[in-house]
file coords.csv (CSV, C-alpha atoms and all ligand atoms)
chain,number,residue,atom,x,y,z
A,1,MET,CA,-12.2,-6.2,23.9
A,2,LYS,CA,-9.7,-6.6,21.0
A,3,ALA,CA,-10.2,-5.9,17.3
A,4,ILE,CA,-9.0,-7.4,14.0
A,5,LEU,CA,-9.3,-5.2,11.0
A,6,ILE,CA,-9.0,-7.1,7.7
A,7,VAL,CA,-8.6,-5.0,4.6
A,8,CYS,CA,-8.8,-6.8,1.3
A,9,ASP,CA,-7.2,-4.6,-1.3
A,10,GLY,CA,-9.4,-3.6,-4.2
A,11,MET,CA,-11.9,-6.3,-3.4
A,12,GLY,CA,-15.0,-4.2,-4.3
A,13,ASP,CA,-16.2,-4.5,-7.8
A,14,ARG,CA,-18.9,-3.8,-10.3
A,15,PRO,CA,-21.4,-6.2,-12.0
A,16,SER,CA,-19.5,-8.2,-14.6
A,17,LYS,CA,-20.9,-9.7,-17.9
A,18,SER,CA,-18.6,-12.8,-17.5
A,19,LEU,CA,-20.1,-13.5,-14.0
A,20,ASN,CA,-23.8,-13.2,-15.0
A,21,ASN,CA,-23.9,-9.6,-13.9
A,22,LYS,CA,-22.7,-10.4,-10.4
A,23,THR,CA,-19.6,-9.0,-8.7
A,24,PRO,CA,-16.8,-11.4,-7.9
A,25,LEU,CA,-17.8,-11.1,-4.2
A,26,ALA,CA,-21.4,-12.1,-5.0
A,27,PHE,CA,-20.2,-14.8,-7.3
A,28,ALA,CA,-17.6,-16.5,-5.1
A,29,ASN,CA,-18.4,-19.2,-2.6
A,30,THR,CA,-18.0,-17.4,0.8
A,31,PRO,CA,-19.8,-19.2,3.6
A,32,ASN,CA,-17.6,-17.6,6.3
A,33,LEU,CA,-17.9,-14.0,5.0
A,34,ASP,CA,-21.6,-14.6,4.9
A,35,LYS,CA,-21.5,-15.8,8.5
A,36,LEU,CA,-19.7,-12.5,9.5
A,37,SER,CA,-22.5,-10.6,7.8
A,38,GLU,CA,-25.2,-12.6,9.4
A,39,LEU,CA,-23.7,-12.2,12.9
A,40,GLY,CA,-22.6,-8.6,12.5
A,41,ILE,CA,-23.7,-5.2,11.4
A,42,ASN,CA,-23.2,-4.3,7.7
A,43,GLY,CA,-22.8,-1.2,5.7
A,44,ILE,CA,-20.9,0.5,2.8
A,45,MET,CA,-18.0,2.9,3.1
A,46,ASP,CA,-16.6,5.6,1.0
A,47,PRO,CA,-12.9,5.2,1.8
A,48,ILE,CA,-12.2,8.9,1.1
A,49,LYS,CA,-15.4,10.4,-0.1
A,50,PRO,CA,-18.1,9.5,-2.6
A,51,GLY,CA,-16.8,9.4,-6.2
A,52,VAL,CA,-13.1,9.8,-5.3
A,53,PRO,CA,-11.0,6.9,-6.6
A,54,PRO,CA,-8.6,6.2,-3.7
A,55,GLY,CA,-5.0,5.3,-3.9
A,56,SER,CA,-4.1,2.5,-1.5
A,57,ASP,CA,-2.0,4.9,0.6
A,58,THR,CA,-4.6,7.7,1.0
A,59,SER,CA,-7.3,5.1,1.6
A,60,HIS,CA,-5.4,3.3,4.3
A,61,LEU,CA,-4.5,6.6,6.0
A,62,SER,CA,-8.2,7.4,6.0
A,63,ILE,CA,-9.2,3.9,7.3
A,64,PHE,CA,-6.7,4.4,10.2
A,65,GLY,CA,-8.5,7.6,11.1
A,66,TYR,CA,-6.2,10.2,9.5
A,67,ASP,CA,-7.8,12.6,7.0
A,68,PRO,CA,-5.7,12.1,3.9
A,69,TYR,CA,-6.4,15.7,2.7
A,70,LYS,CA,-4.7,16.8,5.8
A,71,TYR,CA,-2.0,14.2,6.4
A,72,TYR,CA,-1.0,12.7,3.0
A,73,THR,CA,2.6,13.5,2.1
A,74,GLY,CA,3.2,11.4,-1.0
A,75,ARG,CA,3.8,7.7,-1.7
A,76,GLY,CA,7.6,7.7,-1.6
A,77,GLY,CA,7.8,8.0,2.2
A,78,PHE,CA,5.5,5.0,2.9
A,79,GLU,CA,7.4,2.8,0.4
A,80,ALA,CA,10.7,3.7,2.0
A,81,LEU,CA,9.4,3.0,5.5
A,82,GLY,CA,7.8,-0.2,4.3
A,83,ILE,CA,11.2,-1.7,3.1
A,84,GLY,CA,12.7,-0.8,6.4
A,85,MET,CA,14.4,2.5,5.7
A,86,ASP,CA,14.6,4.8,8.5
A,87,LEU,CA,13.0,8.1,7.5
A,88,LYS,CA,13.0,11.3,9.6
A,89,GLN,CA,11.0,14.5,9.4
A,90,GLY,CA,12.5,16.8,6.7
A,91,GLU,CA,14.0,13.9,4.7
A,92,ILE,CA,12.6,13.3,1.2
A,93,ALA,CA,11.9,9.8,-0.1
A,94,LEU,CA,11.2,8.6,-3.6
A,95,ARG,CA,10.5,5.3,-5.1
A,96,GLY,CA,12.2,4.2,-8.2
A,97,ASN,CA,12.9,1.5,-10.8
A,98,PHE,CA,16.1,0.0,-12.1
A,99,ALA,CA,15.3,0.6,-15.8
A,100,THR,CA,16.6,0.3,-19.3
A,101,VAL,CA,17.0,3.4,-21.5
A,102,ASN,CA,18.8,4.0,-24.8
A,103,GLU,CA,21.5,6.6,-25.6
A,104,ASP,CA,18.9,9.4,-25.9
A,105,LEU,CA,17.4,8.5,-22.5
A,106,ILE,CA,14.3,7.0,-24.1
A,107,VAL,CA,12.8,4.3,-21.9
A,108,LEU,CA,13.0,0.8,-23.5
A,109,ASP,CA,11.8,-1.0,-20.4
A,110,ARG,CA,10.9,0.8,-17.2
A,111,ARG,CA,11.5,-2.4,-15.2
A,112,ALA,CA,14.6,-3.7,-16.9
A,113,GLY,CA,12.8,-6.9,-17.6
A,114,ARG,CA,11.6,-7.1,-13.9
A,115,TYR,CA,14.3,-9.5,-13.1
A,116,VAL,CA,17.2,-7.8,-11.3
A,117,PRO,CA,18.9,-10.3,-9.0
A,118,GLU,CA,22.0,-8.1,-9.1
A,119,ALA,CA,20.0,-5.2,-7.4
A,120,LYS,CA,22.3,-5.1,-4.4
A,121,GLU,CA,25.4,-4.8,-6.5
A,122,PHE,CA,23.9,-2.1,-8.7
A,123,ASP,CA,22.7,-0.3,-5.5
A,124,ALA,CA,26.2,-0.3,-4.1
A,125,LEU,CA,27.4,1.7,-7.1
A,126,ILE,CA,25.0,4.6,-6.4
A,127,ASP,CA,24.5,4.6,-2.7
A,128,ASN,CA,25.7,7.5,-0.5
A,129,TYR,CA,25.9,9.9,-3.4
A,130,VAL,CA,26.8,13.6,-2.6
A,131,PRO,CA,25.5,15.8,-5.4
A,132,LYS,CA,27.8,18.5,-6.8
A,133,CYS,CA,25.0,21.0,-6.9
A,134,ALA,CA,24.3,20.5,-3.2
A,135,ASN,CA,27.3,19.2,-1.2
A,136,ASP,CA,25.5,19.4,2.1
A,137,VAL,CA,23.1,16.6,0.9
A,138,LYS,CA,23.5,12.9,0.7
A,139,ILE,CA,21.4,10.3,-1.2
A,140,ILE,CA,20.8,7.0,0.5
A,141,THR,CA,19.5,4.1,-1.6
A,142,GLU,CA,18.0,0.8,-0.7
A,143,PRO,CA,16.9,-1.9,-3.2
A,144,SER,CA,13.5,-3.5,-2.7
A,145,VAL,CA,12.0,-6.5,-4.6
A,146,GLU,CA,12.5,-7.2,-8.3
A,147,HIS,CA,13.4,-3.9,-10.1
A,148,ARG,CA,12.3,-1.7,-7.3
A,149,ILE,CA,14.4,0.7,-5.2
A,150,SER,CA,13.7,3.4,-2.7
A,151,ILE,CA,15.9,6.4,-2.1
A,152,LYS,CA,16.0,9.2,0.5
A,153,ILE,CA,17.6,12.6,0.3
A,154,VAL,CA,19.1,13.8,3.6
A,155,GLY,CA,20.1,17.4,4.2
A,156,PRO,CA,18.7,20.8,4.9
A,157,ASN,CA,16.2,22.8,2.8
A,158,LEU,CA,14.5,20.1,0.8
A,159,SER,CA,11.0,19.8,-0.5
A,160,PRO,CA,8.7,16.9,-1.6
A,161,TYR,CA,7.0,19.2,-4.1
A,162,VAL,CA,8.8,17.9,-7.2
A,163,SER,CA,7.6,16.1,-10.3
A,164,ASP,CA,8.4,12.5,-11.4
A,165,VAL,CA,11.4,11.5,-13.6
A,166,ASP,CA,9.7,8.2,-14.6
A,167,PRO,CA,7.5,8.9,-17.6
A,168,GLU,CA,5.6,5.6,-17.0
A,169,ASP,CA,5.8,5.0,-20.7
A,170,CYS,CA,8.4,4.2,-23.3
A,171,ILE,CA,9.3,7.8,-24.1
A,172,LYS,CA,12.1,10.0,-23.0
A,173,ILE,CA,12.6,10.3,-19.2
A,174,HIS,CA,11.1,13.5,-17.7
A,175,GLN,CA,13.2,16.3,-16.2
A,176,CYS,CA,12.3,16.7,-12.5
A,177,HIS,CA,10.6,20.1,-12.0
A,178,PRO,CA,9.7,22.0,-8.9
A,179,LEU,CA,6.0,21.9,-8.3
A,180,ASN,CA,5.9,25.3,-6.4
A,181,ASN,CA,8.0,28.4,-6.4
A,182,SER,CA,10.0,27.6,-3.3
A,183,PRO,CA,13.8,27.6,-3.4
A,184,GLU,CA,13.6,24.2,-1.6
A,185,ALA,CA,11.6,22.6,-4.4
A,186,LYS,CA,14.0,24.1,-7.1
A,187,ARG,CA,17.0,22.8,-5.2
A,188,THR,CA,15.4,19.3,-4.7
A,189,ALA,CA,14.6,19.0,-8.4
A,190,GLU,CA,18.2,19.9,-9.3
A,191,ILE,CA,19.5,17.3,-6.9
A,192,ILE,CA,17.2,14.6,-8.4
A,193,ASN,CA,18.1,15.5,-12.0
A,194,GLU,CA,21.8,15.3,-11.2
A,195,PHE,CA,21.3,12.0,-9.4
A,196,THR,CA,19.4,10.6,-12.4
A,197,TYR,CA,22.2,11.4,-14.8
A,198,PHE,CA,24.7,10.0,-12.3
A,199,THR,CA,22.9,6.7,-12.1
A,200,ASN,CA,22.9,6.5,-15.9
A,201,LYS,CA,26.6,7.2,-16.2
A,202,VAL,CA,27.6,4.7,-13.4
A,203,LEU,CA,25.2,1.9,-14.1
A,204,LYS,CA,25.7,1.7,-17.9
A,205,GLU,CA,29.5,1.2,-17.4
A,206,SER,CA,29.0,-1.6,-14.9
A,207,PRO,CA,30.5,-4.9,-15.9
A,208,ILE,CA,27.4,-6.6,-14.5
A,209,ASN,CA,25.6,-5.5,-17.6
A,210,GLU,CA,28.1,-7.4,-19.7
A,211,LYS,CA,26.9,-10.5,-17.9
A,212,ARG,CA,23.2,-9.6,-18.4
A,213,LYS,CA,23.9,-9.0,-22.1
A,214,LYS,CA,25.4,-12.5,-22.4
A,215,GLU,CA,22.3,-14.0,-20.8
A,216,ASN,CA,20.1,-12.1,-23.2
A,217,ARG,CA,18.8,-9.8,-20.5
A,218,LEU,CA,18.2,-6.0,-20.7
A,219,PRO,CA,20.9,-3.8,-19.2
A,220,VAL,CA,20.2,-1.9,-16.0
A,221,ASN,CA,21.4,1.5,-17.0
A,222,ILE,CA,19.4,4.1,-15.0
A,223,VAL,CA,17.2,4.6,-11.9
A,224,ILE,CA,14.0,6.5,-12.7
A,225,LEU,CA,12.3,8.1,-9.7
A,226,ARG,CA,8.8,9.0,-8.8
A,227,GLY,CA,6.4,9.7,-6.0
A,228,ALA,CA,8.4,12.1,-3.8
A,229,GLY,CA,7.2,12.2,-0.3
A,230,THR,CA,8.0,12.7,3.4
A,231,ILE,CA,6.9,10.9,6.6
A,232,PRO,CA,3.5,12.3,7.7
A,233,ASN,CA,3.5,14.2,10.9
A,234,VAL,CA,0.8,12.4,12.9
A,235,GLU,CA,0.0,11.4,16.4
A,236,SER,CA,0.4,7.6,16.6
A,237,ILE,CA,-2.7,5.5,16.7
A,238,GLU,CA,-1.4,3.9,19.9
A,239,LYS,CA,-1.3,7.2,21.7
A,240,ARG,CA,-4.6,8.4,20.2
A,241,PHE,CA,-6.6,5.4,21.6
A,242,ASP,CA,-4.2,4.2,24.3
A,243,ILE,CA,-3.8,0.8,22.6
A,244,ARG,CA,-1.2,-1.6,21.5
A,245,ALA,CA,-1.6,-1.9,17.7
A,246,SER,CA,0.2,-4.2,15.2
A,247,TYR,CA,0.1,-5.0,11.5
A,248,ILE,CA,0.4,-8.0,9.2
A,249,ALA,CA,1.0,-7.1,5.6
A,250,GLY,CA,3.2,-8.3,2.7
A,251,GLY,CA,3.4,-5.2,0.4
A,252,ALA,CA,5.8,-2.4,1.3
A,253,LEU,CA,3.3,0.4,0.9
A,254,TYR,CA,0.9,-1.1,3.4
A,255,LYS,CA,3.7,-1.8,5.9
A,256,GLY,CA,4.8,1.8,5.4
A,257,VAL,CA,1.4,3.4,6.1
A,258,ALA,CA,0.8,1.2,9.2
A,259,HIS,CA,4.4,2.0,10.4
A,260,ALA,CA,3.9,5.7,9.8
A,261,VAL,CA,0.9,5.8,12.0
A,262,GLY,CA,2.8,4.0,14.7
A,263,MET,CA,1.8,0.3,14.5
A,264,HIS,CA,4.2,-2.5,15.2
A,265,PRO,CA,5.1,-5.1,12.5
A,266,ILE,CA,4.3,-8.8,12.9
A,267,ASN,CA,6.2,-10.8,10.3
A,268,VAL,CA,4.6,-13.8,8.7
A,269,PRO,CA,6.7,-16.2,6.6
A,270,GLY,CA,4.9,-16.7,3.3
A,271,ALA,CA,3.2,-13.3,3.3
A,272,THR,CA,4.4,-12.1,-0.1
A,273,GLY,CA,1.9,-9.3,-1.0
A,274,GLY,CA,1.1,-11.3,-4.2
A,275,ILE,CA,-1.7,-13.7,-5.1
A,276,ASP,CA,0.5,-16.6,-4.0
A,277,THR,CA,0.5,-15.2,-0.4
A,278,ASP,CA,-0.2,-17.6,2.4
A,279,VAL,CA,-3.5,-16.1,3.7
A,280,MET,CA,-4.1,-18.8,6.2
A,281,ALA,CA,-0.7,-18.1,7.8
A,282,LYS,CA,-1.7,-14.5,8.2
A,283,GLY,CA,-4.9,-15.4,9.9
A,284,LYS,CA,-3.1,-17.8,12.2
A,285,THR,CA,-0.5,-15.2,13.1
A,286,ALA,CA,-3.2,-12.7,13.9
A,287,LEU,CA,-4.8,-15.2,16.3
A,288,ASP,CA,-1.4,-16.0,17.9
A,289,ASN,CA,-0.7,-12.3,18.5
A,290,LEU,CA,-4.1,-11.2,19.7
A,291,GLU,CA,-3.2,-11.7,23.3
A,292,LYS,CA,-0.4,-9.1,23.1
A,293,ASN,CA,-2.4,-6.5,21.1
A,294,ASP,CA,-5.6,-4.5,21.3
A,295,PHE,CA,-5.8,-4.0,17.6
A,296,ILE,CA,-4.4,-6.0,14.6
A,297,PHE,CA,-4.5,-4.7,11.0
A,298,LEU,CA,-4.3,-7.5,8.5
A,299,HIS,CA,-3.9,-6.7,4.8
A,300,VAL,CA,-4.4,-8.9,1.8
A,301,LYS,CA,-3.2,-7.5,-1.5
A,302,GLY,CA,-4.0,-10.3,-4.0
A,303,THR,CA,-7.6,-9.2,-4.7
A,304,ASP,CA,-6.3,-5.9,-6.1
A,305,SER,CA,-3.5,-7.4,-8.2
A,306,ALA,CA,-6.0,-9.9,-9.8
A,307,SER,CA,-8.3,-6.9,-10.6
A,308,HIS,CA,-5.5,-4.9,-12.3
A,309,ASP,CA,-4.6,-8.0,-14.3
A,310,GLY,CA,-8.3,-8.4,-15.3
A,311,SER,CA,-8.5,-11.9,-13.9
A,312,ALA,CA,-11.9,-12.9,-12.6
A,313,GLU,CA,-10.5,-16.4,-11.8
A,314,ASN,CA,-7.7,-15.1,-9.6
A,315,LYS,CA,-10.0,-12.5,-7.9
A,316,ILE,CA,-12.5,-15.2,-7.0
A,317,MET,CA,-9.8,-17.5,-5.9
A,318,MET,CA,-8.3,-14.8,-3.6
A,319,ILE,CA,-11.8,-14.0,-2.2
A,320,GLU,CA,-12.3,-17.7,-1.4
A,321,LYS,CA,-8.9,-17.9,0.2
A,322,ILE,CA,-9.8,-14.9,2.4
A,323,ASP,CA,-13.1,-16.7,3.2
A,324,LYS,CA,-11.2,-19.7,4.6
A,325,MET,CA,-9.0,-17.4,6.7
A,326,VAL,CA,-12.0,-15.7,8.1
A,327,GLY,CA,-13.4,-19.2,8.9
A,328,LEU,CA,-10.3,-20.0,10.9
A,329,ILE,CA,-10.5,-16.7,12.8
A,330,LEU,CA,-14.2,-17.2,13.5
A,331,ASP,CA,-13.6,-20.7,14.8
A,332,ASN,CA,-10.9,-19.4,17.2
A,333,VAL,CA,-12.2,-16.2,18.8
A,334,ASN,CA,-15.0,-15.4,21.2
A,335,LEU,CA,-17.1,-12.6,19.7
A,336,LYS,CA,-17.7,-11.3,23.2
A,337,GLU,CA,-14.0,-10.5,23.5
A,338,THR,CA,-12.9,-9.9,19.9
A,339,LEU,CA,-14.4,-7.7,17.1
A,340,ILE,CA,-13.8,-8.6,13.5
A,341,CYS,CA,-14.1,-6.0,10.8
A,342,LEU,CA,-13.7,-6.8,7.1
A,343,THR,CA,-13.7,-4.3,4.3
A,344,ALA,CA,-11.8,-3.2,1.2
A,345,ASP,CA,-9.7,-0.1,0.7
A,346,HIS,CA,-11.4,0.7,-2.7
A,347,THR,CA,-13.2,-0.8,-5.6
A,348,THR,CA,-11.0,-2.2,-8.5
A,349,PRO,CA,-13.4,-3.4,-11.2
A,350,PHE,CA,-11.5,-6.3,-13.0
A,351,GLU,CA,-13.6,-6.4,-16.2
A,352,VAL,CA,-13.6,-3.0,-17.8
A,353,VAL,CA,-11.7,-0.4,-15.7
A,354,ARG,CA,-8.9,-2.5,-14.2
A,355,ASP,CA,-8.1,0.4,-12.0
A,356,HIS,CA,-9.4,2.0,-8.8
A,357,THR,CA,-12.8,3.6,-8.9
A,358,GLY,CA,-14.7,5.9,-6.5
A,359,ASP,CA,-17.5,3.4,-5.6
A,360,PRO,CA,-18.2,2.6,-1.9
A,361,VAL,CA,-16.9,-0.7,-0.6
A,362,PRO,CA,-18.8,-3.3,1.5
A,363,LEU,CA,-18.1,-3.4,5.3
A,364,VAL,CA,-19.0,-5.7,8.1
A,365,ILE,CA,-18.3,-5.3,11.8
A,366,CYS,CA,-18.9,-8.6,13.7
A,367,ALA,CA,-18.9,-8.7,17.5
A,368,GLU,CA,-21.4,-9.6,20.2
A,369,ASN,CA,-22.2,-6.1,21.1
A,370,VAL,CA,-23.3,-4.8,17.7
A,371,LEU,CA,-26.9,-4.4,16.6
A,372,THR,CA,-27.4,-7.3,14.2
A,373,ASP,CA,-29.2,-6.4,11.0
A,374,ASN,CA,-31.0,-8.5,8.4
A,375,VAL,CA,-28.1,-8.9,6.0
A,376,LYS,CA,-27.1,-12.5,5.6
A,377,SER,CA,-24.5,-12.4,2.9
A,378,TYR,CA,-21.4,-10.3,2.3
A,379,SER,CA,-21.3,-8.3,-1.0
A,380,GLU,CA,-21.4,-4.8,-2.3
A,381,LEU,CA,-25.2,-4.9,-2.7
A,382,THR,CA,-26.3,-6.8,0.4
A,383,CYS,CA,-24.1,-4.8,2.8
A,384,ALA,CA,-25.7,-1.6,1.4
A,385,LYS,CA,-28.9,-2.7,3.2
A,386,GLY,CA,-27.2,-3.1,6.6
A,387,GLY,CA,-27.6,-1.2,9.8
A,388,LEU,CA,-24.4,0.8,9.5
A,389,GLY,CA,-25.6,2.7,6.5
A,390,ARG,CA,-23.0,4.5,4.5
A,391,ILE,CA,-20.0,5.8,6.3
A,392,ARG,CA,-16.7,7.5,5.5
A,393,GLY,CA,-13.4,5.7,5.8
A,394,VAL,CA,-12.0,8.2,8.3
A,395,ASN,CA,-14.9,7.3,10.7
A,396,LEU,CA,-14.3,3.6,10.7
A,397,ILE,CA,-11.5,3.4,13.3
A,398,HIS,CA,-13.6,5.5,15.7
A,399,ILE,CA,-16.6,3.2,15.4
A,400,ILE,CA,-14.3,0.2,16.0
A,401,MET,CA,-12.5,1.8,19.0
A,402,ASP,CA,-15.8,2.8,20.5
A,403,LEU,CA,-17.2,-0.8,20.3
A,404,ILE,CA,-14.1,-2.2,22.0
A,405,GLY,CA,-14.2,0.5,24.7
A,406,LYS,CA,-11.2,2.6,23.7
A,407,THR,CA,-12.9,6.0,23.2
A,408,LYS,CA,-13.3,8.9,25.6
A,409,LYS,CA,-16.5,10.8,26.2
A,410,PHE,CA,-16.8,14.1,24.3
A,411,GLY,CA,-18.1,16.7,26.8
A,412,ALA,CA,-19.3,16.1,30.4
A,501,ZN,ZN,-5.5,-0.6,-2.5
A,502,ZN,ZN,-4.5,-1.2,-7.1
call {"tool": "encode", "arguments": {"input": "coords.csv", "output": "structure tokens", "more": "lines below"}}
Ligand code: ZN
Ligand code: ZN
result
Amino acid sequence: MKAILIVCDGMGDRPSKSLNNKTPLAFANTPNLDKLSELGINGIMDPIKPGVPPGSDTSHLSIFGYDPYKYYTGRGGFEALGIGMDLKQGEIALRGNFATVNEDLIVLDRRAGRYVPEAKEFDALIDNYVPKCANDVKIITEPSVEHRISIKIVGPNLSPYVSDVDPEDCIKIHQCHPLNNSPEAKRTAEIINEFTYFTNKVLKESPINEKRKKENRLPVNIVILRGAGTIPNVESIEKRFDIRASYIAGGALYKGVAHAVGMHPINVPGATGGIDTDVMAKGKTALDNLEKNDFIFLHVKGTDSASHDGSAENKIMMIEKIDKMVGLILDNVNLKETLICLTADHTTPFEVVRDHTGDPVPLVICAENVLTDNVKSYSELTCAKGGLGRIRGVNLIHIIMDLIGKTKKFGA
């Protein structure tokens, strides 16, 4: 058997006043998700553990079967992998923004207006920097989308245990500090501080900013870094279960986590990672690639973005788009041969919190060999009455692999 795991980012929610005390999932029109629930076994899942609001990175690690308390090594590594940087053990990656600061290094806009079409030209000015405080080290930079950039620090005796430069607010940039007493963390913090001042010096003098000024755009005059991390040292999911595993995702972070655990990328034109993403194209691509794979992870980000923006309308629209994609998949697979699992990586209540919370998320596993329960619709509340009960994220992959015949007996 084969499996498709669909993770709808931040899809879980809480009852909302504007939706008659329903959640967006309960409110939306979802005939195909309901069909999954009716044909499958349902439950709820604590992505990390009860009451812990997950980051998308820690949650996905957990859902892929890697305990994040043991394997999480910071967001920067996943972002770098996700934009196609090659990251090796021992190298430190950070994500950053092209930003605008004033003369006193007070942040005026931490995204420099979000529109940085000259990112490649700015990047060329700061790439391959060798710090004066550590001339055995090199800093490699790679622009991502909009104002985003990833960097990696290559060299001996480095540590990811350093604080953020980005203050995430319009205040003075932070100094990077070591987060433990090791000489490696102290050295890494010095390198990052020197690099930060270097980017400020070089970028503010760039003639590209003259052009931006003429067009009434903010100058790009610094790179502010955060989220130092490394690549996690894990056994690949393919080795672990003796499978071929691939991923379909738009956002860099999700690509990065899937890549870090050893899955192969499947590119989908139109998969943007935003609410404009072509969800049907993702579903169709998953179907087209099922033959070559045992396991396909399919990620949809828009539900989380809509929640952070506080938009019920967009969240419901995304859920209904996902529903249509599930309809396409259901119409084209035989549940004797293919398992479909659909869940969320965390709850992101759109109405009040607008950020991740520690609630459990709904979960359905649909295949011919599961014990069907009495749940007939897919929502936070209905799934809680299902036959799977309440599980932890880190258990999910094992349950899926067992159902598709990819686990080995423990004992004799
Ligand atoms: Zn998420
Ligand atoms: Zn989020």
call {"tool": "closest_residue", "arguments": {"input": "coords.csv", "among": "A:Ser56, A:Asn221, A:Asn395, A:Thr196", "to": "A:Phe98", "atoms": "only C-alpha atoms"}}
result
A:Asn221
call {"tool": "closest_atom_pairs", "arguments": {"input": "coords.csv", "of": "chain A", "to": "ligand ZN 501 (chain A)", "cutoff": "9 Å", "atoms": "only C-alpha atoms and all ligand atoms", "output": "JSON lines"}}
result
{"residue": "A:Val7", "atom": "CA", "partner": "A:ZN501", "partner_atom": "ZN", "distance": 8.9}
{"residue": "A:Cys8", "atom": "CA", "partner": "A:ZN501", "partner_atom": "ZN", "distance": 8.0}
{"residue": "A:Asp9", "atom": "CA", "partner": "A:ZN501", "partner_atom": "ZN", "distance": 4.5}
{"residue": "A:Gly10", "atom": "CA", "partner": "A:ZN501", "partner_atom": "ZN", "distance": 5.2}
{"residue": "A:Met11", "atom": "CA", "partner": "A:ZN501", "partner_atom": "ZN", "distance": 8.6}
{"residue": "A:Pro54", "atom": "CA", "partner": "A:ZN501", "partner_atom": "ZN", "distance": 7.6}
{"residue": "A:Gly55", "atom": "CA", "partner": "A:ZN501", "partner_atom": "ZN", "distance": 6.1}
{"residue": "A:Ser56", "atom": "CA", "partner": "A:ZN501", "partner_atom": "ZN", "distance": 3.5}
{"residue": "A:Asp57", "atom": "CA", "partner": "A:ZN501", "partner_atom": "ZN", "distance": 7.2}
{"residue": "A:Ser59", "atom": "CA", "partner": "A:ZN501", "partner_atom": "ZN", "distance": 7.2}
{"residue": "A:His60", "atom": "CA", "partner": "A:ZN501", "partner_atom": "ZN", "distance": 7.8}
{"residue": "A:Tyr254", "atom": "CA", "partner": "A:ZN501", "partner_atom": "ZN", "distance": 8.7}
{"residue": "A:Lys301", "atom": "CA", "partner": "A:ZN501", "partner_atom": "ZN", "distance": 7.3}
{"residue": "A:Asp304", "atom": "CA", "partner": "A:ZN501", "partner_atom": "ZN", "distance": 6.5}
{"residue": "A:Ala344", "atom": "CA", "partner": "A:ZN501", "partner_atom": "ZN", "distance": 7.8}
{"residue": "A:Asp345", "atom": "CA", "partner": "A:ZN501", "partner_atom": "ZN", "distance": 5.3}
{"residue": "A:His346", "atom": "CA", "partner": "A:ZN501", "partner_atom": "ZN", "distance": 6.0}
{"residue": "A:Thr347", "atom": "CA", "partner": "A:ZN501", "partner_atom": "ZN", "distance": 8.3}
{"residue": "A:Thr348", "atom": "CA", "partner": "A:ZN501", "partner_atom": "ZN", "distance": 8.3}
{"residue": "A:His356", "atom": "CA", "partner": "A:ZN501", "partner_atom": "ZN", "distance": 7.9}
call {"tool": "closest_residue", "arguments": {"input": "coords.csv", "among": "A:Ala93, A:Leu81, A:Ile173, A:Ile48", "to": "A:Gly229", "atoms": "all atoms listed in the file"}}
result
A:Ala93
call {"tool": "atom_distance", "arguments": {"input": "coords.csv", "atom1": "atom CA of A:Ile237", "atom2": "atom CA of A:Gly65"}}
result
8.3 Å
call {"tool": "atom_distance", "arguments": {"input": "coords.csv", "atom1": "atom CA of A:Lys284", "atom2": "atom CA of A:Val370"}}
result
24.6 Å
call {"tool": "atom_distance", "arguments": {"input": "coords.csv", "atom1": "atom CA of A:Thr30", "atom2": "atom CA of A:Asn369"}}
result
23.6 Å
call {"tool": "residues_around", "arguments": {"input": "coords.csv", "residues": "A:Gln89", "least_positions_apart": "3", "cutoff": "9 Å", "atoms": "all atoms listed in the file", "output": "list in words"}}
result
Ile92, Thr230, Ile231, Pro232 and Asn233 of chain A
call {"tool": "residues_around", "arguments": {"input": "coords.csv", "residues": "A:Leu396", "least_positions_apart": "2", "cutoff": "10 Å", "atoms": "only C-alpha atoms", "output": "VMD selection string"}}
result
chain A and resid 45 47 62 to 65 341 363 365 391 to 394 398 to 402
call {"tool": "write_last_selection", "arguments": {"input": "coords.csv", "atoms": "C-alpha atoms", "output": "PDB file, in the frame of the given file"}}
result
ATOM      1  CA  MET A  45     -18.000   2.900   3.100  1.00  0.00           C
ATOM      2  CA  PRO A  47     -12.900   5.200   1.800  1.00  0.00           C
ATOM      3  CA  SER A  62      -8.200   7.400   6.000  1.00  0.00           C
ATOM      4  CA  ILE A  63      -9.200   3.900   7.300  1.00  0.00           C
ATOM      5  CA  PHE A  64      -6.700   4.400  10.200  1.00  0.00           C
ATOM      6  CA  GLY A  65      -8.500   7.600  11.100  1.00  0.00           C
ATOM      7  CA  CYS A 341     -14.100  -6.000  10.800  1.00  0.00           C
ATOM      8  CA  LEU A 363     -18.100  -3.400   5.300  1.00  0.00           C
ATOM      9  CA  ILE A 365     -18.300  -5.300  11.800  1.00  0.00           C
ATOM     10  CA  ILE A 391     -20.000   5.800   6.300  1.00  0.00           C
ATOM     11  CA  ARG A 392     -16.700   7.500   5.500  1.00  0.00           C
ATOM     12  CA  GLY A 393     -13.400   5.700   5.800  1.00  0.00           C
ATOM     13  CA  VAL A 394     -12.000   8.200   8.300  1.00  0.00           C
ATOM     14  CA  HIS A 398     -13.600   5.500  15.700  1.00  0.00           C
ATOM     15  CA  ILE A 399     -16.600   3.200  15.400  1.00  0.00           C
ATOM     16  CA  ILE A 400     -14.300   0.200  16.000  1.00  0.00           C
ATOM     17  CA  MET A 401     -12.500   1.800  19.000  1.00  0.00           C
ATOM     18  CA  ASP A 402     -15.800   2.800  20.500  1.00  0.00           C
TER      19      ASP A 402
END
call {"tool": "closest_residue", "arguments": {"input": "coords.csv", "among": "A:Leu5, A:Ala80, A:Cys170, A:Ala281", "to": "A:Asp294", "atoms": "all atoms listed in the file"}}
result
A:Leu5
